[in-house]
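J.: Encoded as C-alpha cells, here's the structure I'll be asking about.
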Amino acid sequence: MSQPLIQAFALTKKFDDFTAVDGIDFHVDEGESFGFLGPNGAGKTSTMRMIGAVSPSTSGELRVLGMDPMTQGTELRGRLGVVPQEDNLDTELTVVDNLVMYGRYFNLSRTVIRERIDELLEFVKLEEKRDAKVNALSGGMKRRLIIARALINNPQLLILDEPTTGLDPQARHVLWDRLYRLKQEGVTLIITTHYMDEAEQLCDRLVVMDKAQIVAEGSPLSLISEHAPREVVELRFPVGVLEAVEDQLHSKAKRAEILPDRALLYTDDADATIAEIHGDGLDPETILVRRSTLEDVFLRLTGRSLVE
Amino acid sequence: MATPLALRVFESRARVYRKVWRGSVFTGFLSPVLYLLAMGLGLGQLVDQNLGVDELSYLTFLAPGLLAATAMQTGAGEGAWQVMAGIKWLKTYEATLATPVNVDSLVYGHLLWSTARVAMVSVVFAVVMALFQVTSLGPSLLAVLPALLVGLALAAATTAFTSRLESDQGLSSLFRFGIVPMFLFSGTFFPIEQLPDWIEWVAFLTPLYHAVELCRWLALGSEPVVNPALSVAYLMAWVAVGTFLSVTGFRKRLRV
C-alpha cells in the first residue's frame with residue numbers, strides 16, 4: 001500500500017502558554033477529501049498552517065507529501081495549493097495580474113502561466129472578468145479567483161480553510177461543484193469547515209476537533225451512525241408545559257435534549273416513540289421527524305454553548 | 001534555473017508599481033525642482049547676502065543634503081503603509097508565504113524593492129541637481145550611493161517598526177515625531193553645529209546626518225566632519241539591525 005499523503009503523530013502547536021493543537025494524530029490518503037470540523041478556536045486553522053508549511057509545529061511528527069514541513073518548506077509549498085479563510089488578493093491588481101504574480105512566486109515561466117490562466121479562468125468561470133480589478137468582484141467571484149490562484153502550480157494537495165464562509169447559497173453551490181470536479185480529477189483536498197452540509201457534500205472522511213483535540217473520526221455516515229441514533233423527533237409544547245414533561249420525555253428515547261423552545265428525542269424508531277408519547281397522553285403542538293445529521297453529531301460532540 | 005525567492009518578491013512589487021508609476025515619476029521629478037527653486041534660489045538669495053565671497057552658495061550647500069533627505073523620506077515611506085497593507089489590510093504577505101517564498105526572502109525582496117524606489121527618486125534628483133548647476137552630473141550621481149544607503153536604512157527601520165504596530169496611528173506618530181524632525185534638523189538645511197549641544201548630539205546620531213555629510217562630500221568635495229568610512233559603517237549598521245528586526249517582527253506578526 002502506498003504511503004499516506006499526510007501523516008501526523010502527536011502533532012502540537014503552542015503559542016506562548018496557549019495550546020492551539022494538542023497532540024493530534026491523523027492521516028490523509030492520496031485522492032481523498034478530508035475534512036476538519038470544529039467550532040471556532042478548535043485548532044483547525046493552526047493545523048492547516050502546519051500542514052501548509054507556514055507555521056512550524058511545537059512538537060510531534062508531521063510528514064506532508066513525504067516531506068518535513070519544517071525543513072523542506074519551500075519545496076513543499078511549491079507543490080501545495082492554499083485557499084485561505086480570508087481573502088488576500090491584491091485588490092490593486094486585475095484578475096489576470098493576481099494570477100501572473102502568484103505564478104511567478106512559483107517560478108513558472110510566463111508562457112506556462114499564460115496557458116494555465118486560460119484554463120483556470122475557464123474552470124472557475126471568470127473568463128469575462130479577466131481584466132477586471134479585484135475590487136470590482138463579488139464575494140463569490142473573489143473566492144473562485146482564490147481557488148484559481150491556488151491551482152496555478154498544479155498542486156497535488158489543495159488546502160481549503162473555510163472556503164465558503166460568508167457566501168450566499170448560489171455561490172456556495174458553484175464552489176462545491178468546482179471542488180467536486182477537482183476531487184474527481186484526483187486532487188487531494190483538505191477542508192476545514194463548520195458547515196455540516198459542506199462536510200457531507202465534500203468529505204470522504206473527517207475528524208471533529210474540539211478544544212485543540214480530535215474528538216471523533218470517520219466518514220460522515222459512520223459518524224452519524226456511531227454518535228447519533230437514526231432519527232430525531234422534534235417536539236414543541238405550549239409555553240410552560242415543556243418543563244413539566246421533561247422527565248417523561250427523557251424516558252421515551254435513547255437520548256433526549258431539552259432546549260429552551262423544543263425537545264429533541266434521538267431514537268431508532270420514530271413512529272414507536274411518537275406512539276409512546278401519545279400513549280402517555282402528552283400533546284405536543286408540533287411533531288417533526290427527521291433523519292440524524294452530521295450537525296447533531298457535531299453539537300453532541302462539541303456542545304451547544306457558544307464559542308466566542 | 002530557479003529565480004531566487006527574494007527576486008520573485010521584488011518582481012511582484014514591480015508589477016504593482018507598473019500600474020501607478022506615471023503619477024509617482026511626476027512627483028519624483030517635480031518635488032526636487034520645487035524644493036530647489038523655493039529653498040535654494042528663493043531662500044538662498046537671502047542667505048547668500050550674508051556670506052563671504054568664497055563660501056558655497058546656499059543652493060549648493062542645500063542640494064546634496066536634500067538629496068539625502070529625500071532618499072531618507074522615500075525609504076521610510078516604503079516601510080510604512082504598504083507594509084501595513086501587506087500584513088493587515090490586504091494580507092498579501094500571508095498569500096505570499098503560502099508559496100515557496102519564506103519570511104526572510106519576503107523581507108529581503110521588499111527591502112530590495114524599496115531600495116529600487118529610492119534609486120528612482122535619487123537619480124532623478126541628481127539629474128535635477130546637475131540641471132541647477134549645483135555640480136556636474138558625475139559627482140551628482142556619485143552622491144546617489146549614500147542616498148541609497150540611507151533610504152535602505154530607513155526602509156528597514158520603518159518596516160521593523162510597522163511590523164510591530166496594531167494600527168496605522170503609530171505610523172502618523174512615527175512621521176510626525178521621527179521622520180519630519182529628522183528631515184529638518186539633520187544638517188540638510190543648516191549645519192548641526194548651530195543647534196544647542198544636546199540636540200546636536202541627537203542630530204549627530206540620526207542616520208540622515210551621516211548621509212548628508214557623505215552626499216556633500218561626494219557631490220562637492222567638501223571636507224567631511226566625520227570619517228566617511230565611519231559614516232558608511234554606521235548606516236550599514238542601521239541596515240543590518242533594521243533588516244534583522246524586520247524579519248523577527250514579520251515572523252512574530254505573521255505567526256510563522
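Residues in the C-alpha cells are numbered from 1 in each chain, the chains being A, B, ... in the order shown, and ligands are numbered from 1 in the order shown.
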Distance limit 6 Å, atoms considered: only C-alpha atoms. Which chain A residues sit that close to chain B? Return them as a compact mmCIF listing (two decimals) with N, CA and C atoms, in the first residue's frame.
T.:
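Below you can see selection_18.txt, which holds the result:
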```txt
# COMPACT_ATOMS: atom_id res chain seq x y z
N VAL A 54 3.64 26.72 6.78
CA VAL A 54 3.74 28.15 7.04
C VAL A 54 4.14 28.35 8.50
N SER A 55 3.52 27.55 9.36
CA SER A 55 3.74 27.71 10.78
C SER A 55 4.42 26.44 11.31
N THR A 74 10.05 25.34 1.54
CA THR A 74 9.98 25.96 0.23
C THR A 74 9.60 24.94 -0.84
N ARG A 77 5.85 23.78 -0.21
CA ARG A 77 4.86 24.79 -0.59
C ARG A 77 4.73 24.90 -2.10
N GLY A 78 5.79 24.59 -2.80
CA GLY A 78 5.75 24.61 -4.26
C GLY A 78 4.79 23.59 -4.83
N ASN A 88 -7.16 37.24 0.45
CA ASN A 88 -5.93 38.03 0.50
C ASN A 88 -5.37 38.26 -0.90
N MET A 101 1.21 37.15 -10.98
CA MET A 101 2.10 37.41 -9.85
C MET A 101 2.28 36.14 -9.02
N TYR A 105 5.68 33.61 -8.23
CA TYR A 105 6.21 33.15 -6.93
C TYR A 105 6.61 31.69 -7.00
```
J.: Need to verify the contact set: region 127-142 of chain A, 8 Å, only C-alpha atoms, exclusion of same-chain residues closer than 4 positions in sequence. Can you return it as a tab-separated table (two decimals) with C-alpha atoms, in the first residue's frame?
T.:
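Heads up, here's the output in out_26.tsv:
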```tsv
chain	number	residue	atom	x	y	z
A	87	ASP	CA	-9.49	36.85	1.00
A	89	LEU	CA	-5.88	39.00	-3.14
A	90	ASP	CA	-4.04	42.11	-4.28
A	91	THR	CA	-7.02	44.37	-4.82
A	92	GLU	CA	-4.99	46.98	-6.71
A	93	LEU	CA	-4.35	44.48	-9.50
A	94	THR	CA	-6.59	42.86	-12.10
A	95	VAL	CA	-7.70	39.23	-12.03
A	96	VAL	CA	-5.03	38.22	-14.55
A	118	ASP	CA	-6.74	30.50	-19.66
A	121	LEU	CA	-10.34	31.17	-15.60
A	122	GLU	CA	-12.49	28.85	-17.63
A	146	ILE	CA	-8.55	32.47	-4.95
A	167	LEU	CA	-21.03	33.26	0.64
A	168	ASP	CA	-24.65	33.13	-0.45
A	171	ALA	CA	-22.11	30.98	-4.76
A	172	ARG	CA	-21.53	28.09	-2.34
```
J.: Extract, using only C-alpha atoms, all DNA, RNA and protein residues at most 12 Å from Pro139 (chain B), discarding same-chain residues fewer than 2 positions from it, and format them as a PyMOL selection string.
T.: chain B and resi 64+123+126-127+129-130+133-137+141-145+214-222
J.: For the residues in that selection, give me N, CA and C atoms as a compact mmCIF listing (two decimals), in the first residue's frame.
T.:
```txt
# COMPACT_ATOMS: atom_id res chain seq x y z
N PRO B 64 22.83 68.72 -2.12
CA PRO B 64 23.22 67.34 -1.79
C PRO B 64 22.55 66.83 -0.51
N VAL B 123 18.10 59.22 -8.42
CA VAL B 123 18.73 59.50 -9.72
C VAL B 123 18.06 60.72 -10.37
N ALA B 126 19.38 63.69 -8.65
CA ALA B 126 20.76 64.01 -9.05
C ALA B 126 20.79 64.72 -10.39
N VAL B 127 19.91 64.30 -11.30
CA VAL B 127 19.86 64.94 -12.61
C VAL B 127 19.38 66.39 -12.48
N MET B 129 19.67 68.21 -9.88
CA MET B 129 20.76 68.92 -9.21
C MET B 129 21.79 69.40 -10.24
N ALA B 130 22.07 68.53 -11.20
CA ALA B 130 23.03 68.90 -12.25
C ALA B 130 22.43 69.98 -13.15
N GLN B 133 22.90 73.24 -11.96
CA GLN B 133 24.33 73.53 -11.97
C GLN B 133 24.93 73.62 -10.56
N VAL B 134 24.40 72.79 -9.66
CA VAL B 134 25.00 72.69 -8.33
C VAL B 134 26.39 72.10 -8.46
N THR B 135 26.46 71.07 -9.28
CA THR B 135 27.73 70.42 -9.59
C THR B 135 27.50 69.65 -10.89
N SER B 136 28.55 69.09 -11.47
CA SER B 136 28.32 68.39 -12.74
C SER B 136 27.65 67.04 -12.48
N LEU B 137 27.22 66.37 -13.55
CA LEU B 137 26.41 65.17 -13.42
C LEU B 137 27.15 64.03 -12.71
N LEU B 141 25.72 62.10 -9.48
CA LEU B 141 25.31 60.68 -9.48
C LEU B 141 26.07 59.88 -8.42
N LEU B 142 27.31 60.28 -8.16
CA LEU B 142 28.09 59.60 -7.13
C LEU B 142 27.40 59.74 -5.77
N ALA B 143 26.79 60.92 -5.58
CA ALA B 143 26.12 61.19 -4.30
C ALA B 143 24.86 60.34 -4.13
N VAL B 144 24.42 59.69 -5.22
CA VAL B 144 23.25 58.82 -5.10
C VAL B 144 23.57 57.62 -4.21
N LEU B 145 24.86 57.18 -4.20
CA LEU B 145 25.21 55.99 -3.42
C LEU B 145 24.87 56.11 -1.93
N LEU B 214 27.98 62.53 3.75
CA LEU B 214 28.56 61.74 2.65
C LEU B 214 28.16 62.33 1.29
N CYS B 215 26.90 62.72 1.15
CA CYS B 215 26.44 63.27 -0.13
C CYS B 215 27.18 64.57 -0.45
N ARG B 216 27.35 65.42 0.57
CA ARG B 216 28.07 66.68 0.35
C ARG B 216 29.52 66.42 -0.04
N TRP B 217 30.08 65.47 0.66
CA TRP B 217 31.48 65.13 0.40
C TRP B 217 31.66 64.64 -1.05
N LEU B 218 30.77 63.74 -1.49
CA LEU B 218 30.90 63.17 -2.83
C LEU B 218 30.51 64.16 -3.93
N ALA B 219 29.47 64.97 -3.66
CA ALA B 219 28.99 65.88 -4.70
C ALA B 219 29.87 67.11 -4.81
N LEU B 220 30.33 67.61 -3.66
CA LEU B 220 31.02 68.90 -3.68
C LEU B 220 32.50 68.79 -3.32
N GLY B 221 32.92 67.65 -2.79
CA GLY B 221 34.30 67.52 -2.36
C GLY B 221 34.59 68.27 -1.07
N SER B 222 33.53 68.63 -0.34
CA SER B 222 33.75 69.38 0.90
C SER B 222 34.34 68.47 1.98
```
J.: Quote the spacing between CA of Gly38 (chain A) and CA of Leu182 (chain A) in Å to one decimal place.
T.: 23.9 Å
J.: Skip Trp176 (chain A) itself and residues of its chain fewer than 4 positions away, then list as a list in words all residues within 12 Å of it, counting only C-alpha atoms.
T.: Val124, Gly140, Arg143, Arg144, Ile147, Leu160, Glu162, Pro163, Thr164, Leu167, Pro169, Gln170, Ala171, Arg172, Tyr180, Arg181, Leu182, Lys183, Leu189, Ile191, Asp197, Glu198, Ala199, Glu200, Gln201, Leu202 and Cys203 of chain A
J.: Name the closest residue to Val232 (chain B) among the candidates B:Leu43, B:Leu208, B:Phe161, B:Val202; distances are taken between atoms, counting only C-alpha atoms.
T.: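 Among the listed residues, the smallest separation from Val232 (chain B) belongs to B:Leu208.
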J.: For Ser225 (chain A), please output as a PyMOL selection string all residues within 9 Å (counting only C-alpha atoms; exclusion window: fewer than 5 positions along the same chain).
T.: chain A and resi 220+230+292
J.: What lies within 7 Å of Glu30 (chain A) using only C-alpha atoms, ignoring chain neighbours under 2 positions off, as a PyMOL selection string?
T.: chain A and resi 4-5+28+32+188
J.: Using the chain letters and numbers from this document, which residues of region 18-201 of chain B does DSSP assign to helix (DSSP H, G or I), as a PyMOL selection string?
T.: chain B and resi 21-48+58-78+81-89+92-97+103-131+137-142+144-162+169-185+192-194+197-201
J.: Would you mind exporting the chosen residues as a compact mmCIF listing (two decimals), in the first residue's frame, restricted to C-alpha atoms?
T.:
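Just written: again_25.txt:
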```txt
# COMPACT_ATOMS: atom_id res chain seq x y z
CA TRP B 21 4.34 54.69 -12.00
CA ARG B 22 3.17 57.67 -14.04
CA GLY B 23 1.97 59.67 -11.07
CA SER B 24 4.95 58.80 -8.93
CA VAL B 25 7.56 59.68 -11.58
CA PHE B 26 5.97 63.07 -11.98
CA THR B 27 6.10 63.77 -8.23
CA GLY B 28 9.62 62.36 -8.15
CA PHE B 29 10.71 64.98 -10.64
CA LEU B 30 8.56 67.86 -9.53
CA SER B 31 9.32 67.81 -5.84
CA PRO B 32 13.11 68.32 -6.09
CA VAL B 33 12.56 71.09 -8.66
CA LEU B 34 10.11 72.86 -6.37
CA TYR B 35 12.31 72.42 -3.30
CA LEU B 36 15.43 73.64 -5.05
CA LEU B 37 13.57 76.60 -6.55
CA ALA B 38 11.94 77.68 -3.30
CA MET B 39 14.64 76.89 -0.76
CA GLY B 40 17.75 77.00 -2.88
CA LEU B 41 17.07 80.03 -5.04
CA GLY B 42 14.35 81.85 -3.11
CA LEU B 43 15.52 81.49 0.45
CA GLY B 44 19.10 81.11 -0.78
CA GLN B 45 19.20 84.67 -2.10
CA LEU B 46 18.53 85.95 1.39
CA VAL B 47 21.13 83.62 2.93
CA ASP B 48 23.80 84.36 0.34
CA TYR B 58 23.05 78.20 -0.20
CA LEU B 59 21.69 76.26 -3.17
CA THR B 60 24.97 74.36 -3.46
CA PHE B 61 25.04 73.69 0.28
CA LEU B 62 21.41 72.58 0.33
CA ALA B 63 21.10 70.39 -2.78
CA PRO B 64 23.22 67.34 -1.79
CA GLY B 65 21.71 67.35 1.70
CA LEU B 66 18.24 67.50 0.23
CA LEU B 67 19.11 64.52 -1.97
CA ALA B 68 19.91 62.51 1.16
CA ALA B 69 16.81 63.78 2.98
CA THR B 70 14.53 62.93 0.05
CA ALA B 71 16.03 59.44 -0.18
CA MET B 72 15.55 59.00 3.57
CA GLN B 73 11.91 60.03 3.33
CA THR B 74 11.23 57.78 0.34
CA GLY B 75 12.78 54.80 2.13
CA ALA B 76 10.75 55.49 5.28
CA GLY B 77 7.57 55.71 3.19
CA GLU B 78 8.23 52.31 1.60
CA TRP B 81 1.62 51.92 4.82
CA GLN B 82 2.48 49.30 2.24
CA VAL B 83 3.82 47.01 4.92
CA MET B 84 0.69 47.62 6.97
CA ALA B 85 -1.39 46.65 3.92
CA GLY B 86 0.67 43.51 3.36
CA ILE B 87 0.39 42.39 6.97
CA LYS B 88 -3.06 43.55 7.89
CA TRP B 89 -5.25 45.35 5.37
CA THR B 92 -0.99 39.84 0.75
CA TYR B 93 2.03 38.73 2.81
CA GLU B 94 0.02 35.77 4.04
CA ALA B 95 -0.73 34.88 0.41
CA THR B 96 2.94 35.21 -0.49
CA LEU B 97 4.05 32.98 2.36
CA VAL B 103 9.83 35.13 5.58
CA ASP B 104 13.48 36.04 5.07
CA SER B 105 13.07 36.27 1.30
CA LEU B 106 9.88 38.26 1.70
CA VAL B 107 11.74 40.85 3.79
CA TYR B 108 14.80 40.90 1.52
CA GLY B 109 12.66 41.25 -1.61
CA HIS B 110 10.64 44.03 -0.02
CA LEU B 111 13.79 45.92 1.01
CA LEU B 112 15.36 45.37 -2.38
CA TRP B 113 12.31 46.89 -3.99
CA SER B 114 12.34 49.79 -1.50
CA THR B 115 15.94 50.45 -2.50
CA ALA B 116 14.94 50.45 -6.16
CA ARG B 117 12.29 53.07 -5.38
CA VAL B 118 14.87 55.17 -3.55
CA ALA B 119 17.17 54.77 -6.56
CA MET B 120 14.50 56.07 -8.95
CA VAL B 121 13.87 59.14 -6.83
CA SER B 122 17.56 59.77 -6.14
CA VAL B 123 18.73 59.50 -9.72
CA VAL B 124 16.04 61.95 -10.84
CA PHE B 125 17.09 64.24 -8.01
CA ALA B 126 20.76 64.01 -9.05
CA VAL B 127 19.86 64.94 -12.61
CA VAL B 128 17.83 67.92 -11.43
CA MET B 129 20.76 68.92 -9.21
CA ALA B 130 23.03 68.90 -12.25
CA LEU B 131 20.46 70.91 -14.23
CA LEU B 137 26.41 65.17 -13.42
CA GLY B 138 29.25 62.81 -12.40
CA PRO B 139 29.58 63.90 -8.78
CA SER B 140 25.79 64.31 -8.55
CA LEU B 141 25.31 60.68 -9.48
CA LEU B 142 28.09 59.60 -7.13
CA VAL B 144 23.25 58.82 -5.10
CA LEU B 145 25.21 55.99 -3.42
CA PRO B 146 24.93 57.26 0.17
CA ALA B 147 21.36 58.30 -0.63
CA LEU B 148 20.59 54.65 -1.44
CA LEU B 149 22.18 53.57 1.80
CA VAL B 150 20.16 55.93 3.97
CA GLY B 151 16.98 55.08 2.02
CA LEU B 152 17.53 51.39 2.67
CA ALA B 153 18.42 52.06 6.32
CA LEU B 154 15.14 53.88 6.86
CA ALA B 155 13.10 51.38 4.84
CA ALA B 156 14.44 48.60 7.08
CA ALA B 157 13.88 50.58 10.28
CA THR B 158 10.30 51.59 9.44
CA THR B 159 9.47 48.08 8.20
CA ALA B 160 10.64 46.70 11.55
CA PHE B 161 8.60 49.37 13.32
CA THR B 162 5.44 48.83 11.25
CA GLN B 169 -1.95 55.55 14.02
CA GLY B 170 1.55 54.65 15.12
CA LEU B 171 2.74 55.45 11.61
CA SER B 172 1.41 59.01 11.78
CA SER B 173 3.30 59.44 15.06
CA LEU B 174 6.45 57.97 13.56
CA PHE B 175 6.38 60.52 10.77
CA ARG B 176 5.32 63.43 12.96
CA PHE B 177 7.84 62.85 15.73
CA GLY B 178 10.58 60.93 13.93
CA ILE B 179 10.87 61.37 10.20
CA VAL B 180 9.85 65.02 9.83
CA PRO B 181 12.12 66.32 12.65
CA MET B 182 14.96 64.23 11.25
CA PHE B 183 14.28 65.73 7.81
CA LEU B 184 14.51 69.25 9.26
CA PHE B 185 17.31 69.00 11.83
CA ILE B 192 24.02 70.94 13.04
CA GLU B 193 26.70 72.92 14.93
CA GLN B 194 24.14 75.71 15.15
CA ASP B 197 24.57 70.95 22.28
CA TRP B 198 22.20 68.20 23.34
CA ILE B 199 20.11 68.46 20.17
CA GLU B 200 23.30 68.48 18.17
CA TRP B 201 24.08 65.09 19.71
```
J.: So what do you get for CA of Leu11 (chain A) versus CA of Leu62 (chain A), distance-wise?
T.: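 These two atoms are separated by 6.8 Å.
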J.: Just want the 12 Å neighbourhood of Ala275 (chain A), counted on only C-alpha atoms, with same-chain residues fewer than 6 positions away dropped. Output as a PyMOL selection string.
T.: chain A and resi 233+252-253+269+281-283+287
J.: Just write the chosen residues, C-alpha atoms, as a PDB file, in the first residue's frame.
T.:
```
ATOM      1  CA  VAL A 233     -38.194  13.593  16.790  1.00  0.00           C
ATOM      2  CA  LYS A 252     -39.031   7.915  25.796  1.00  0.00           C
ATOM      3  CA  ALA A 253     -35.794   7.963  23.811  1.00  0.00           C
ATOM      4  CA  ASP A 269     -37.751   4.164  15.567  1.00  0.00           C
ATOM      5  CA  GLY A 281     -51.308  11.481  26.986  1.00  0.00           C
ATOM      6  CA  LEU A 282     -48.735  14.069  26.026  1.00  0.00           C
ATOM      7  CA  ASP A 283     -49.929  16.519  23.406  1.00  0.00           C
ATOM      8  CA  ILE A 287     -44.083  16.977  15.858  1.00  0.00           C
TER       9      ILE A 287
END
```
J.: In Å, with one decimal, what is the gap from CA of Glu243 (chain A) to CA of Thr293 (chain A)?
T.: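 It comes out at 26.0 Å.
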J.: As number ranges by chain, please: every residue in region 8-75 of chain A that DSSP puts in strand (DSSP E).
T.: A: 8-15, 18-28, 33-37, 59-64
J.: Store the residues picked out above in a file with N, CA and C atoms, as a PDB file, in the first residue's frame.
T.:
```pdb
ATOM      1  N   ALA A   8       0.306  12.506  10.602  1.00  0.00           N
ATOM      2  CA  ALA A   8       0.625  13.300  11.792  1.00  0.00           C
ATOM      3  C   ALA A   8       0.551  12.429  13.029  1.00  0.00           C
ATOM      4  N   PHE A   9       1.553  12.559  13.892  1.00  0.00           N
ATOM      5  CA  PHE A   9       1.558  11.873  15.186  1.00  0.00           C
ATOM      6  C   PHE A   9       1.781  12.893  16.289  1.00  0.00           C
ATOM      7  N   ALA A  10       0.883  12.912  17.253  1.00  0.00           N
ATOM      8  CA  ALA A  10       1.044  13.770  18.442  1.00  0.00           C
ATOM      9  C   ALA A  10       1.378  15.214  18.060  1.00  0.00           C
ATOM     10  N   LEU A  11       0.787  15.669  16.959  1.00  0.00           N
ATOM     11  CA  LEU A  11       1.103  17.000  16.440  1.00  0.00           C
ATOM     12  C   LEU A  11       0.577  18.081  17.399  1.00  0.00           C
ATOM     13  N   THR A  12       1.457  18.995  17.762  1.00  0.00           N
ATOM     14  CA  THR A  12       1.124  20.004  18.771  1.00  0.00           C
ATOM     15  C   THR A  12       1.586  21.382  18.335  1.00  0.00           C
ATOM     16  N   LYS A  13       0.736  22.380  18.600  1.00  0.00           N
ATOM     17  CA  LYS A  13       1.130  23.772  18.344  1.00  0.00           C
ATOM     18  C   LYS A  13       0.788  24.612  19.552  1.00  0.00           C
ATOM     19  N   LYS A  14       1.814  25.299  20.086  1.00  0.00           N
ATOM     20  CA  LYS A  14       1.579  26.186  21.231  1.00  0.00           C
ATOM     21  C   LYS A  14       1.972  27.607  20.863  1.00  0.00           C
ATOM     22  N   PHE A  15       1.174  28.559  21.329  1.00  0.00           N
ATOM     23  CA  PHE A  15       1.562  29.963  21.248  1.00  0.00           C
ATOM     24  C   PHE A  15       1.745  30.438  22.680  1.00  0.00           C
ATOM     25  N   PHE A  18      -0.589  29.218  25.370  1.00  0.00           N
ATOM     26  CA  PHE A  18      -1.860  28.746  24.833  1.00  0.00           C
ATOM     27  C   PHE A  18      -1.623  27.573  23.880  1.00  0.00           C
ATOM     28  N   THR A  19      -2.346  26.479  24.100  1.00  0.00           N
ATOM     29  CA  THR A  19      -2.189  25.313  23.235  1.00  0.00           C
ATOM     30  C   THR A  19      -3.286  25.306  22.174  1.00  0.00           C
ATOM     31  N   ALA A  20      -2.916  25.538  20.925  1.00  0.00           N
ATOM     32  CA  ALA A  20      -3.894  25.619  19.846  1.00  0.00           C
ATOM     33  C   ALA A  20      -4.220  24.230  19.298  1.00  0.00           C
ATOM     34  N   VAL A  21      -3.200  23.370  19.249  1.00  0.00           N
ATOM     35  CA  VAL A  21      -3.397  21.995  18.774  1.00  0.00           C
ATOM     36  C   VAL A  21      -2.686  21.094  19.768  1.00  0.00           C
ATOM     37  N   ASP A  22      -3.420  20.105  20.296  1.00  0.00           N
ATOM     38  CA  ASP A  22      -2.897  19.362  21.434  1.00  0.00           C
ATOM     39  C   ASP A  22      -2.708  17.887  21.107  1.00  0.00           C
ATOM     40  N   GLY A  23      -1.598  17.569  20.455  1.00  0.00           N
ATOM     41  CA  GLY A  23      -1.226  16.182  20.246  1.00  0.00           C
ATOM     42  C   GLY A  23      -2.203  15.376  19.411  1.00  0.00           C
ATOM     43  N   ILE A  24      -2.482  15.825  18.183  1.00  0.00           N
ATOM     44  CA  ILE A  24      -3.451  15.092  17.372  1.00  0.00           C
ATOM     45  C   ILE A  24      -2.756  14.117  16.405  1.00  0.00           C
ATOM     46  N   ASP A  25      -3.447  12.999  16.138  1.00  0.00           N
ATOM     47  CA  ASP A  25      -2.980  12.006  15.164  1.00  0.00           C
ATOM     48  C   ASP A  25      -3.996  11.928  14.027  1.00  0.00           C
ATOM     49  N   PHE A  26      -3.525  11.931  12.797  1.00  0.00           N
ATOM     50  CA  PHE A  26      -4.428  11.682  11.674  1.00  0.00           C
ATOM     51  C   PHE A  26      -3.583  11.356  10.447  1.00  0.00           C
ATOM     52  N   HIS A  27      -4.258  10.799   9.437  1.00  0.00           N
ATOM     53  CA  HIS A  27      -3.571  10.642   8.161  1.00  0.00           C
ATOM     54  C   HIS A  27      -4.561  10.894   7.028  1.00  0.00           C
ATOM     55  N   VAL A  28      -4.052  11.323   5.900  1.00  0.00           N
ATOM     56  CA  VAL A  28      -4.886  11.579   4.733  1.00  0.00           C
ATOM     57  C   VAL A  28      -4.285  10.824   3.562  1.00  0.00           C
ATOM     58  N   SER A  33     -10.811  13.263   0.011  1.00  0.00           N
ATOM     59  CA  SER A  33     -11.041  14.605   0.521  1.00  0.00           C
ATOM     60  C   SER A  33     -11.402  14.498   1.979  1.00  0.00           C
ATOM     61  N   PHE A  34     -10.625  15.223   2.760  1.00  0.00           N
ATOM     62  CA  PHE A  34     -10.563  15.023   4.194  1.00  0.00           C
ATOM     63  C   PHE A  34     -10.985  16.307   4.888  1.00  0.00           C
ATOM     64  N   GLY A  35     -11.893  16.186   5.841  1.00  0.00           N
ATOM     65  CA  GLY A  35     -12.406  17.396   6.489  1.00  0.00           C
ATOM     66  C   GLY A  35     -11.960  17.547   7.931  1.00  0.00           C
ATOM     67  N   PHE A  36     -11.769  18.795   8.337  1.00  0.00           N
ATOM     68  CA  PHE A  36     -11.580  19.131   9.742  1.00  0.00           C
ATOM     69  C   PHE A  36     -12.790  19.953  10.160  1.00  0.00           C
ATOM     70  N   LEU A  37     -13.600  19.377  11.048  1.00  0.00           N
ATOM     71  CA  LEU A  37     -14.789  20.080  11.529  1.00  0.00           C
ATOM     72  C   LEU A  37     -14.539  20.545  12.944  1.00  0.00           C
ATOM     73  N   SER A  59       5.664  20.480  18.664  1.00  0.00           N
ATOM     74  CA  SER A  59       6.222  19.139  18.858  1.00  0.00           C
ATOM     75  C   SER A  59       5.376  18.138  18.090  1.00  0.00           C
ATOM     76  N   GLY A  60       5.812  16.903  18.094  1.00  0.00           N
ATOM     77  CA  GLY A  60       5.114  15.867  17.341  1.00  0.00           C
ATOM     78  C   GLY A  60       5.706  15.717  15.957  1.00  0.00           C
ATOM     79  N   GLU A  61       5.114  14.791  15.198  1.00  0.00           N
ATOM     80  CA  GLU A  61       5.662  14.498  13.880  1.00  0.00           C
ATOM     81  C   GLU A  61       4.659  14.824  12.794  1.00  0.00           C
ATOM     82  N   LEU A  62       5.139  15.336  11.695  1.00  0.00           N
ATOM     83  CA  LEU A  62       4.268  15.628  10.565  1.00  0.00           C
ATOM     84  C   LEU A  62       5.038  15.418   9.263  1.00  0.00           C
ATOM     85  N   ARG A  63       4.444  14.591   8.371  1.00  0.00           N
ATOM     86  CA  ARG A  63       5.014  14.425   7.023  1.00  0.00           C
ATOM     87  C   ARG A  63       3.924  14.789   6.029  1.00  0.00           C
ATOM     88  N   VAL A  64       4.261  15.626   5.068  1.00  0.00           N
ATOM     89  CA  VAL A  64       3.303  16.008   4.033  1.00  0.00           C
ATOM     90  C   VAL A  64       3.957  15.739   2.684  1.00  0.00           C
TER      91      VAL A  64
END
```
J.: Pick from A:Val187, A:Ile258, A:Leu299, A:Val83: nearest to Pro155 (chain A), with only C-alpha atoms counted?
T.: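 That would be A:Val187, the residue with the smallest distance to Pro155 (chain A).
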